[in-house]
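Structure data (PDB, C-alpha atoms (C1' of nucleotides)) from structure_26.pdb:
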ATOM      1  CA  MET O   2      14.880  11.004 -14.969
ATOM      2  CA  VAL O   3      12.354   8.202 -14.917
ATOM      3  CA  ALA O   4       9.574   8.543 -12.370
ATOM      4  CA  VAL O   5       9.303   5.814  -9.736
ATOM      5  CA  THR O   6       5.753   5.094 -10.790
ATOM      6  CA  ASP O   7       6.903   4.585 -14.355
ATOM      7  CA  PRO O   8       6.990   0.904 -15.395
ATOM      8  CA  GLU O   9      10.514   1.427 -16.698
ATOM      9  CA  SER O  10      11.872   2.720 -13.409
ATOM     10  CA  GLU O  11      14.243   0.757 -11.227
ATOM     11  CA  PHE O  12      11.653   0.979  -8.510
ATOM     12  CA  ALA O  13       9.057  -0.767 -10.670
ATOM     13  CA  ARG O  14      11.524  -3.507 -11.663
ATOM     14  CA  ALA O  15      12.427  -4.140  -8.054
ATOM     15  CA  VAL O  16       8.793  -4.205  -6.982
ATOM     16  CA  TRP O  17       7.846  -6.723  -9.666
ATOM     17  CA  LEU O  18      10.792  -8.903  -8.787
ATOM     18  CA  ILE O  19       9.827  -8.899  -5.132
ATOM     19  CA  VAL O  20       6.101  -9.412  -5.657
ATOM     20  CA  GLY O  21       6.849 -12.227  -8.098
ATOM     21  CA  SER O  22       8.905 -14.013  -5.488
ATOM     22  CA  ILE O  23       6.278 -14.037  -2.755
ATOM     23  CA  PRO O  24       5.472 -17.743  -2.307
ATOM     24  CA  PRO O  25       1.910 -19.106  -2.298
ATOM     25  CA  GLY O  26       0.313 -19.075   1.118
ATOM     26  CA  ARG O  27       2.134 -15.933   2.169
ATOM     27  CA  VAL O  28       1.385 -12.222   1.862
ATOM     28  CA  CYS O  29       3.448  -9.041   2.065
ATOM     29  CA  ALA O  30       2.421  -5.479   2.920
ATOM     30  CA  TYR O  31       2.768  -2.619   0.433
ATOM     31  CA  GLY O  32       5.139  -0.803   2.723
ATOM     32  CA  ARG O  33       7.276  -3.897   3.146
ATOM     33  CA  VAL O  34       7.558  -4.384  -0.605
ATOM     34  CA  ALA O  35       8.568  -0.744  -1.034
ATOM     35  CA  ALA O  36      11.235  -1.021   1.651
ATOM     36  CA  LEU O  37      12.629  -4.232   0.156
ATOM     37  CA  ALA O  38      12.763  -2.474  -3.209
ATOM     38  CA  GLY O  39      14.986   0.116  -1.584
ATOM     39  CA  TYR O  40      12.366   2.854  -1.278
ATOM     40  CA  PRO O  41      11.015   3.115   2.276
ATOM     41  CA  ARG O  42       7.806   5.139   2.728
ATOM     42  CA  HIS O  43       6.777   4.532  -0.867
ATOM     43  CA  ALA O  44       3.977   2.107  -0.060
ATOM     44  CA  ARG O  45       1.415   4.080  -2.047
ATOM     45  CA  HIS O  46       3.531   3.917  -5.160
ATOM     46  CA  VAL O  47       3.594   0.141  -4.928
ATOM     47  CA  GLY O  48      -0.178   0.295  -4.958
ATOM     48  CA  LYS O  49      -0.099   2.542  -7.976
ATOM     49  CA  LEU O  50       2.101   0.078  -9.846
ATOM     50  CA  MET O  51      -0.186  -2.836  -8.962
ATOM     51  CA  GLY O  52      -3.062  -0.860 -10.412
ATOM     52  CA  ARG O  53      -1.201  -0.462 -13.683
ATOM     53  CA  LEU O  54      -0.528  -4.174 -14.124
ATOM     54  CA  PRO O  55      -1.980  -5.609 -17.340
ATOM     55  CA  ALA O  56      -4.995  -7.864 -16.808
ATOM     56  CA  GLY O  57      -3.160 -11.000 -17.919
ATOM     57  CA  SER O  58      -0.119 -10.445 -15.752
ATOM     58  CA  SER O  59       1.333 -13.522 -14.091
ATOM     59  CA  LEU O  60       2.366 -11.435 -11.096
ATOM     60  CA  PRO O  61       0.731 -12.529  -7.816
ATOM     61  CA  TRP O  62      -0.482  -8.999  -7.076
ATOM     62  CA  PHE O  63      -3.143 -10.431  -4.764
ATOM     63  CA  ARG O  64      -0.424 -11.418  -2.266
ATOM     64  CA  VAL O  65       0.289  -7.758  -1.623
ATOM     65  CA  VAL O  66      -2.055  -6.496   1.073
ATOM     66  CA  ARG O  67      -2.361  -3.680   3.568
ATOM     67  CA  ALA O  68      -0.241  -3.798   6.689
ATOM     68  CA  ASP O  69      -3.333  -4.050   8.874
ATOM     69  CA  GLY O  70      -4.618  -6.964   6.804
ATOM     70  CA  HIS O  71      -7.747  -5.139   5.701
ATOM     71  CA  LEU O  72      -9.068  -5.871   2.211
ATOM     72  CA  PRO O  73     -11.308  -3.688   0.020
ATOM     73  CA  VAL O  74     -14.975  -4.690   0.360
ATOM     74  CA  GLY O  75     -15.933  -7.238  -2.262
ATOM     75  CA  ALA O  76     -12.403  -7.665  -3.561
ATOM     76  CA  ARG O  77     -11.903 -10.700  -5.801
ATOM     77  CA  GLN O  78      -8.441 -10.699  -4.291
ATOM     78  CA  GLN O  79     -10.011 -12.490  -1.330
ATOM     79  CA  GLN O  80     -10.957 -15.528  -3.444
ATOM     80  CA  HIS O  81      -7.411 -15.885  -4.788
ATOM     81  CA  LEU O  82      -5.948 -15.729  -1.307
ATOM     82  CA  GLU O  83      -8.372 -18.215   0.222
ATOM     83  CA  ARG O  84      -7.693 -20.607  -2.639
ATOM     84  CA  GLU O  85      -4.059 -20.627  -1.481
ATOM     85  CA  GLY O  86      -5.044 -21.454   2.045
ATOM     86  CA  ILE O  87      -4.704 -17.947   3.408
ATOM     87  CA  GLN O  88      -7.258 -17.461   6.154
ATOM     88  CA  ILE O  89      -9.478 -14.398   5.892
ATOM     89  CA  THR O  90     -11.775 -13.451   8.749
ATOM     90  CA  GLY O  91     -13.918 -10.383   9.120
ATOM     91  CA  GLY O  92     -12.749  -8.934   5.807
ATOM     92  CA  ARG O  93      -9.092  -9.008   6.689
ATOM     93  CA  VAL O  94      -6.134 -11.338   6.192
ATOM     94  CA  SER O  95      -4.963 -13.185   9.285
ATOM     95  CA  LEU O  96      -1.695 -11.644  10.382
ATOM     96  CA  ARG O  97      -0.069 -15.058  10.704
ATOM     97  CA  HIS O  98       0.419 -15.162   6.938
ATOM     98  CA  TYR O  99       2.836 -12.247   6.996
ATOM     99  CA  GLY O 100       6.555 -12.494   7.573
ATOM    100  CA  TRP O 101       7.972 -12.704   4.082
ATOM    101  CA  PRO O 102      10.844 -12.920   3.285
ATOM    102  CA  ASP O 103      11.769 -13.455   6.918
ATOM    103  CA  PRO O 104       9.146 -15.560   8.726
ATOM    104  CA  GLY O 105      10.947 -14.920  11.965
ATOM    105  CA  ASN O 106      10.215 -11.241  12.329
ATOM    106  CA  LEU O 107       6.501 -11.563  12.992
TER
ATOM    107  C1'  DG B  25       4.095  26.583  -7.539
ATOM    108  C1'  DC B  26      -0.100  24.920  -4.928
ATOM    109  C1'  DT B  27      -3.802  21.710  -3.874
ATOM    110  C1'  DC B  28      -5.897  17.394  -4.207
ATOM    111  C1'  DT B  29      -5.607  12.525  -4.484
ATOM    112  C1'  DG B  30      -4.166   7.759  -3.651
ATOM    113  C1'  DA B  31      -4.478  -0.874  -4.248
ATOM    114  C1'  DC B  32      -0.601   3.014   2.352
ATOM    115  C1'  DG B  33       1.073   3.150   7.439
ATOM    116  C1'  DA B  34       1.566   4.324  12.194
ATOM    117  C1'  DA B  35       0.043   6.645  16.136
ATOM    118  C1'  DG B  36      -3.481   8.697  18.787
ATOM    119  C1'  DT B  37      -8.519   8.655  20.752
TER
ATOM    120  C1'  DA F  22     -11.288  -2.866  18.534
ATOM    121  C1'  DA F  23     -13.228   0.846  15.349
ATOM    122  C1'  DC F  24     -12.299   5.390  13.767
ATOM    123  C1'  DT F  25      -9.624   9.702  13.053
ATOM    124  C1'  DT F  26      -5.493  12.367  12.145
ATOM    125  C1'  DC F  27      -1.279  13.045  10.404
ATOM    126  C1'  DG F  28       2.800  11.807   7.725
ATOM    127  C1'  DC F  29       4.417  10.161   3.528
ATOM    128  C1'  DC F  30       5.935  10.868  -1.908
ATOM    129  C1'  DA F  31       4.738  11.579  -6.823
ATOM    130  C1'  DG F  32       1.559  12.564 -10.411
ATOM    131  C1'  DA F  33      -2.341  15.239 -12.197
ATOM    132  C1'  DG F  34      -4.944  19.475 -12.843
TER
END

Go through the file and emit its structure as structure tokens.
Amino acid sequence: MVAVTDPESEFARAVWLIVGSIPPGRVCAYGRVAALAGYPRHARHVGKLMGRLPAGSSLPWFRVVRADGHLPVGARQQQHLEREGIQITGGRVSLRHYGWPDPGNL
DNA sequence: GCTCTGACGAAGT
DNA sequence: AACTTCGCCAGAG
């Protein structure tokens, strides 16, 4: 039995696949990624996996944000997002950038 | 086993 | 609109 937080787990594979397919200019919540991966209510484990990513990873981890749009104070994540045209005001991502993979369910 | 913790989330105040 | 509480699931001690 491989733990879901293990990089070799199906959960981890699914999460990476999903995160890697988030297009520039869009963001996705942890909980949403978990649900898409087939594991609802596992938002925190997505976070745990992001934390384990190697420094040189090509995965756009910075496009995964909290559901309420709030970012950690002083996060370099903010610079990456703004560079892609994602608007950040008052330390949180504008909700209009959500809606991946279905822009219609905002 | 039990408690604490966490790149979280939703509901209540 | 800011803050608190509670629910969530696994891993660590």

With a distance cut-off of 9 Å and only C-alpha atoms (C1' of nucleotides), select the neighbouring residues of range 26-31 of chain B, excluding the residue or stretch itself and same-chain residues fewer than 6 positions from it, and output the selection as a VMD selection string. (chain O and resid 31 45 to 52 65 to 67 73) or (chain F and resid 33 to 34)

Since I can't run it myself right now, could you work out what the PyMOL selection byres ((chain O) within 8 of (chain F)) selects here and report it as a ChimeraX atom specification? /O:4-6,42-43,46

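The interatomic distance for the pair CA of Leu60 in chain O and CA of Val20 in chain O works out to 6.9 Å.
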
On this file, the PyMOL selection byres ((chain O and resi 32) around 7) gives some set of residues; write that set as a PyMOL selection string. (chain O and resi 30-31+33-36+42-44) or (chain B and resi 32)

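Of note, CA of Pro61 in chain O and CA of Gly21 in chain O are spaced 6.1 Å apart.
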
Counting all atoms listed in the file, select every polymer residue within 10 Å of (3.5, -14.6, -1.8) as defined in the file's coordinates, and provide the selection as a tab-separated table (two decimals) with C-alpha atoms, in the frame of the given file.
chain	number	residue	atom	x	y	z
O	19	ILE	CA	9.83	-8.90	-5.13
O	20	VAL	CA	6.10	-9.41	-5.66
O	21	GLY	CA	6.85	-12.23	-8.10
O	22	SER	CA	8.90	-14.01	-5.49
O	23	ILE	CA	6.28	-14.04	-2.76
O	24	PRO	CA	5.47	-17.74	-2.31
O	25	PRO	CA	1.91	-19.11	-2.30
O	26	GLY	CA	0.31	-19.08	1.12
O	27	ARG	CA	2.13	-15.93	2.17
O	28	VAL	CA	1.38	-12.22	1.86
O	29	CYS	CA	3.45	-9.04	2.06
O	60	LEU	CA	2.37	-11.44	-11.10
O	61	PRO	CA	0.73	-12.53	-7.82
O	62	TRP	CA	-0.48	-9.00	-7.08
O	63	PHE	CA	-3.14	-10.43	-4.76
O	64	ARG	CA	-0.42	-11.42	-2.27
O	65	VAL	CA	0.29	-7.76	-1.62
O	82	LEU	CA	-5.95	-15.73	-1.31
O	85	GLU	CA	-4.06	-20.63	-1.48
O	98	HIS	CA	0.42	-15.16	6.94
O	99	TYR	CA	2.84	-12.25	7.00
O	101	TRP	CA	7.97	-12.70	4.08
O	102	PRO	CA	10.84	-12.92	3.28

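One finds CA of Arg14 in chain O at 21.8 Å from CA of Ala68 in chain O.
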
Enclose all atoms of range 22-32 of chain F listed in the file in an axis-aligned box, grow every side by 3 Å, and hand back centre and edge lengths in Å to one decimal, as lines of an AutoDock Vina configuration file.
center_x = -3.6
center_y = 5.1
center_z = 4.1
size_x = 25.2
size_y = 21.9
size_z = 34.9

Got a sec: who's within 12 Å of Val3 in chain O, counting all atoms listed in the file, leaving out chain neighbours fewer than 6 positions off, as a ChimeraX atom specification? /O:9-13 /F:31

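Taking all atoms listed in the file into account, the protein, DNA and RNA residues within 10 Å of (2.4, 2.9, 13.0) read Ala68 and Asp69 of chain O; DG33, DA34 and DA35 of chain B.
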
Since we have the selection now, will you write its residues out, keeping C-alpha atoms (C1' of nucleotides), as a PDB file, keeping the file's coordinate frame?
ATOM      1  CA  ALA O  68      -0.241  -3.798   6.689  1.00  0.00           C
ATOM      2  CA  ASP O  69      -3.333  -4.050   8.874  1.00  0.00           C
TER       3      ASP O  69
ATOM      4  C1'  DG B  33       1.073   3.150   7.439  1.00  0.00           C
ATOM      5  C1'  DA B  34       1.566   4.324  12.194  1.00  0.00           C
ATOM      6  C1'  DA B  35       0.043   6.645  16.136  1.00  0.00           C
TER       7       DA B  35
END
